[in-house]
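*Asks:* Contents of coords22.txt (compact mmCIF, C-alpha atoms) are given next:
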```
# COMPACT_ATOMS: atom_id res chain seq x y z
CA MET A 1 -35.06 27.90 -18.90
CA LYS A 2 -35.98 30.50 -16.28
CA ILE A 3 -33.94 33.70 -16.06
CA GLU A 4 -32.94 32.91 -12.46
CA ASN A 5 -31.52 29.55 -13.59
CA ILE A 6 -29.69 31.13 -16.53
CA LYS A 7 -28.10 33.73 -14.25
CA GLN A 8 -27.08 31.03 -11.77
CA GLU A 9 -25.53 28.92 -14.53
CA LEU A 10 -23.64 31.95 -15.86
CA LEU A 11 -22.35 32.72 -12.36
CA ASP A 12 -21.35 29.08 -11.86
CA GLN A 13 -19.44 29.07 -15.14
CA CYS A 14 -17.66 32.32 -14.21
CA ASN A 15 -16.62 30.74 -10.90
CA HIS A 16 -15.45 27.60 -12.72
CA TYR A 17 -13.38 29.74 -15.10
CA LEU A 18 -11.69 31.45 -12.14
CA ASP A 19 -11.15 28.12 -10.35
CA GLN A 20 -9.30 26.80 -13.41
CA ARG A 21 -7.24 29.97 -13.71
CA LEU A 22 -6.38 29.84 -10.01
CA GLN A 23 -5.28 26.21 -10.32
CA ARG A 24 -2.99 27.01 -13.26
CA ILE A 25 -1.39 29.92 -11.37
CA GLN A 26 -0.90 27.84 -8.22
CA ASN A 27 0.74 25.09 -10.30
CA THR A 28 3.03 27.66 -11.90
CA ILE A 29 4.02 29.05 -8.50
CA ALA A 30 4.69 25.53 -7.17
CA ASP A 31 6.84 24.73 -10.22
CA ILE A 32 8.82 27.94 -9.75
CA GLN A 33 9.31 27.22 -6.04
CA GLU A 34 10.52 23.73 -6.89
CA SER A 35 12.92 25.12 -9.49
CA LEU A 36 14.26 27.69 -7.04
CA GLY A 37 14.75 25.00 -4.41
CA SER A 38 16.54 22.62 -6.75
CA GLU A 39 18.75 25.31 -8.30
CA THR A 40 22.26 24.48 -7.15
CA LYS A 41 25.29 26.70 -7.19
CA SER A 42 27.39 25.78 -10.18
CA THR A 43 30.92 26.84 -11.09
CA ALA A 44 29.36 29.33 -13.48
CA GLY A 45 28.13 31.67 -10.74
CA ASP A 46 26.78 34.37 -13.05
CA LYS A 47 24.70 31.82 -14.95
CA HIS A 48 23.26 30.55 -11.67
CA GLU A 49 22.38 34.05 -10.47
CA THR A 50 20.75 34.92 -13.81
CA GLY A 51 18.63 31.77 -13.65
CA ARG A 52 17.51 32.56 -10.10
CA ALA A 53 16.71 36.16 -11.02
CA MET A 54 14.56 35.00 -13.93
CA LEU A 55 12.72 32.55 -11.66
CA GLN A 56 12.14 35.34 -9.13
CA LEU A 57 10.64 37.53 -11.89
CA GLU A 58 8.36 34.67 -12.96
CA ARG A 59 7.28 34.19 -9.35
CA GLU A 60 6.45 37.89 -9.03
CA LYS A 61 4.45 37.76 -12.26
CA ALA A 62 2.52 34.71 -11.05
CA GLY A 63 1.92 36.45 -7.72
CA ALA A 64 0.40 39.44 -9.52
CA GLN A 65 -1.83 37.08 -11.52
CA LEU A 66 -2.89 35.38 -8.29
CA ALA A 67 -3.84 38.74 -6.77
CA GLN A 68 -5.87 39.58 -9.88
CA VAL A 69 -7.79 36.29 -9.71
CA GLN A 70 -8.51 36.87 -6.01
CA GLN A 71 -9.92 40.31 -6.90
CA LEU A 72 -12.15 38.73 -9.55
CA PHE A 73 -13.43 36.22 -6.98
CA GLN A 74 -14.34 39.21 -4.79
CA VAL A 75 -16.28 40.77 -7.68
CA LEU A 76 -18.21 37.53 -8.18
CA GLY A 77 -18.89 37.42 -4.44
CA LYS A 78 -20.57 40.83 -4.69
CA LEU A 79 -22.90 39.76 -7.50
CA ASP A 80 -26.55 39.70 -6.56
CA ILE A 81 -28.24 37.62 -9.22
CA SER A 82 -31.46 37.19 -7.28
CA THR A 83 -32.54 40.82 -7.40
CA MET A 84 -34.16 41.84 -10.66
CA SER A 85 -33.70 45.43 -11.78
CA ASN A 86 -34.89 47.30 -14.83
CA GLN A 87 -31.55 49.14 -14.87
CA ALA A 88 -28.29 47.40 -15.91
CA ARG A 89 -25.90 46.87 -13.00
CA LEU A 90 -23.35 44.33 -11.77
CA GLY A 91 -25.10 40.96 -11.93
CA SER A 92 -27.60 41.99 -14.63
CA LEU A 93 -28.43 39.92 -17.66
CA VAL A 94 -28.83 42.33 -20.58
CA PHE A 95 -30.46 41.30 -23.84
CA THR A 96 -29.59 43.63 -26.73
CA SER A 97 -29.98 43.71 -30.48
CA GLN A 98 -26.28 42.77 -30.76
CA GLY A 99 -26.06 40.02 -28.14
CA ASN A 100 -26.79 38.90 -24.59
CA TYR A 101 -24.50 40.12 -21.82
CA PHE A 102 -23.94 39.07 -18.22
CA LEU A 103 -22.40 41.99 -16.32
CA SER A 104 -19.87 40.26 -14.11
CA ILE A 105 -16.22 39.55 -15.01
CA SER A 106 -14.57 39.22 -18.40
CA VAL A 107 -14.87 35.56 -19.31
CA GLY A 108 -16.13 35.82 -22.85
CA LYS A 109 -18.70 33.59 -24.52
CA ILE A 110 -20.67 31.18 -22.36
CA VAL A 111 -23.33 28.89 -23.79
CA VAL A 112 -26.34 28.16 -21.60
CA ASP A 113 -29.28 26.13 -22.88
CA HIS A 114 -28.04 26.49 -26.51
CA GLN A 115 -27.98 30.29 -26.18
CA ASP A 116 -24.83 32.47 -26.35
CA TYR A 117 -24.12 34.91 -23.54
CA TYR A 118 -21.06 37.07 -23.03
CA ALA A 119 -19.75 37.55 -19.51
CA ILE A 120 -18.21 41.02 -19.49
CA ALA A 121 -16.77 43.24 -16.80
CA THR A 122 -18.51 46.47 -15.89
CA ASN A 123 -15.21 48.32 -16.39
CA SER A 124 -14.83 47.07 -19.97
CA PRO A 125 -15.73 49.51 -22.78
CA LEU A 126 -19.03 47.75 -23.50
CA GLY A 127 -19.72 47.16 -19.81
CA LYS A 128 -19.36 50.89 -19.13
CA LEU A 129 -21.84 51.64 -21.90
CA LEU A 130 -24.37 49.11 -20.59
CA LEU A 131 -24.26 50.22 -16.94
CA GLY A 132 -27.36 52.18 -16.02
CA LYS A 133 -29.18 51.44 -19.27
CA ILE A 134 -32.85 50.45 -19.27
CA GLY A 135 -34.97 48.61 -21.83
CA GLY A 136 -35.39 50.66 -25.00
CA ASP A 137 -32.14 52.62 -24.56
CA ARG A 138 -29.86 52.89 -27.58
CA PHE A 139 -26.11 53.42 -27.80
CA ILE A 140 -23.31 53.25 -30.34
CA PHE A 141 -20.54 50.68 -29.88
CA ASN A 142 -17.88 50.01 -32.51
CA GLY A 143 -19.87 52.04 -35.00
CA ASN A 144 -23.02 49.94 -34.57
CA GLU A 145 -26.22 51.11 -32.95
CA THR A 146 -27.31 48.73 -30.24
CA ILE A 147 -30.75 48.62 -28.66
CA VAL A 148 -31.27 47.34 -25.13
CA ASN A 149 -34.21 44.96 -25.34
CA GLN A 150 -34.57 43.61 -21.80
CA ILE A 151 -32.71 43.60 -18.51
CA PHE A 152 -33.03 41.03 -15.76
```
What does this structure look like when you write it as structure tokens?
*Replies:*
Amino acid sequence: MKIENIKQELLDQCNHYLDQRLQRIQNTIADIQESLGSETKSTAGDKHETGRAMLQLEREKAGAQLAQVQQLFQVLGKLDISTMSNQARLGSLVFTSQGNYFLSISVGKIVVDHQDYYAIATNSPLGKLLLGKIGGDRFIFNGNETIVNQIF
């Protein structure tokens, strides 16, 4: 499989991951809204208020998760997978002695054409180490020396 196709498949799978996460969060928010709307005032007023307060906290938490997912979509929107560079940057596919990394967002392991790749964020510990590296560079991560073989 051509590198361009691998990078496109990795990007597509990252987008799919975020789509699923977004759907779960939207469902959670809808469930909370429904619960808040159906919550009726009972004779135990304090119990009612506690329940509403807990639902409000859950809604705020889901709102923060929604904002985070929207930020990740923006990161993916900035990826330029068509430009090849010999230096690791956002959107690069980095082959190392320890594994293959797609510098994008933190998704974890993605299998493309029977090959394992790890989608990692550039602000992750490993992502920070990979940024700016070129083929042949070496670095230590988790006590292991890693060699950068190729960058696309």
*Asks:* Near Thr146 (chain A), counting all atoms listed in the file, which residues have an atom at most 9 Å away, once you skip same-chain residues fewer than 3 positions from it, shown as a PDB file with C-alpha atoms, in the coordinates of the input?
*Replies:*
```pdb
ATOM      1  CA  THR A  96     -29.590  43.630 -26.730  1.00  0.00           C
ATOM      2  CA  SER A  97     -29.980  43.710 -30.480  1.00  0.00           C
ATOM      3  CA  GLN A  98     -26.280  42.770 -30.760  1.00  0.00           C
ATOM      4  CA  ASP A 137     -32.140  52.620 -24.560  1.00  0.00           C
ATOM      5  CA  ARG A 138     -29.860  52.890 -27.580  1.00  0.00           C
ATOM      6  CA  PHE A 139     -26.110  53.420 -27.800  1.00  0.00           C
ATOM      7  CA  ILE A 140     -23.310  53.250 -30.340  1.00  0.00           C
ATOM      8  CA  PHE A 141     -20.540  50.680 -29.880  1.00  0.00           C
TER       9      PHE A 141
END
```
*Asks:* Grab the CA of Gly127 (chain A) to CA of Thr83 (chain A) distance for me, in Å with one decimal place.
*Replies:*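 One can read the CA of Gly127 (chain A) to CA of Thr83 (chain A) distance as 18.9 Å.
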*Asks:* Which value, in Å to one decimal, gives the distance between CA of Asp116 (chain A) and CA of Gln13 (chain A)?
*Replies:*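 Taking CA of Asp116 (chain A) and CA of Gln13 (chain A), their separation equals 12.9 Å.
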*Asks:* Could you give me, as number ranges by chain, the residues within 12 Å of region 67-78 of chain A, counting all atoms listed in the file and dropping anything in the same chain fewer than 5 positions from it?
*Replies:* A: 8, 10-26, 60-62, 89-91, 102-107, 119-123
*Asks:* Can you work out the spacing between CA of Glu145 (chain A) and CA of Leu126 (chain A) in Å, to one decimal?
*Replies:*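 These atoms are spaced 12.3 Å apart.
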*Asks:* Please determine, counting all atoms listed in the file, which residue among A:Asn5, A:Ser82, A:Gln33, A:Gln115 has the shortest atom-to-atom distance to Gly99 (chain A).
*Replies:*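 Looking only at the distances to Gly99 (chain A), the closest residue turns out to be A:Gln115.
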*Asks:* Using all atoms listed in the file, collect all residues at a distance of at most 8 Å from (-25.7, 49.1, -14.2) as written in the file, then present them as a ChimeraX atom specification.
*Replies:* /A:87-90,92,122,130-133
*Asks:* What lies within 6 Å of Asn149 (chain A) using only C-alpha atoms, ignoring chain neighbours under 3 positions off, as a PyMOL selection string?
*Replies:* chain A and resi 95-96+135-136
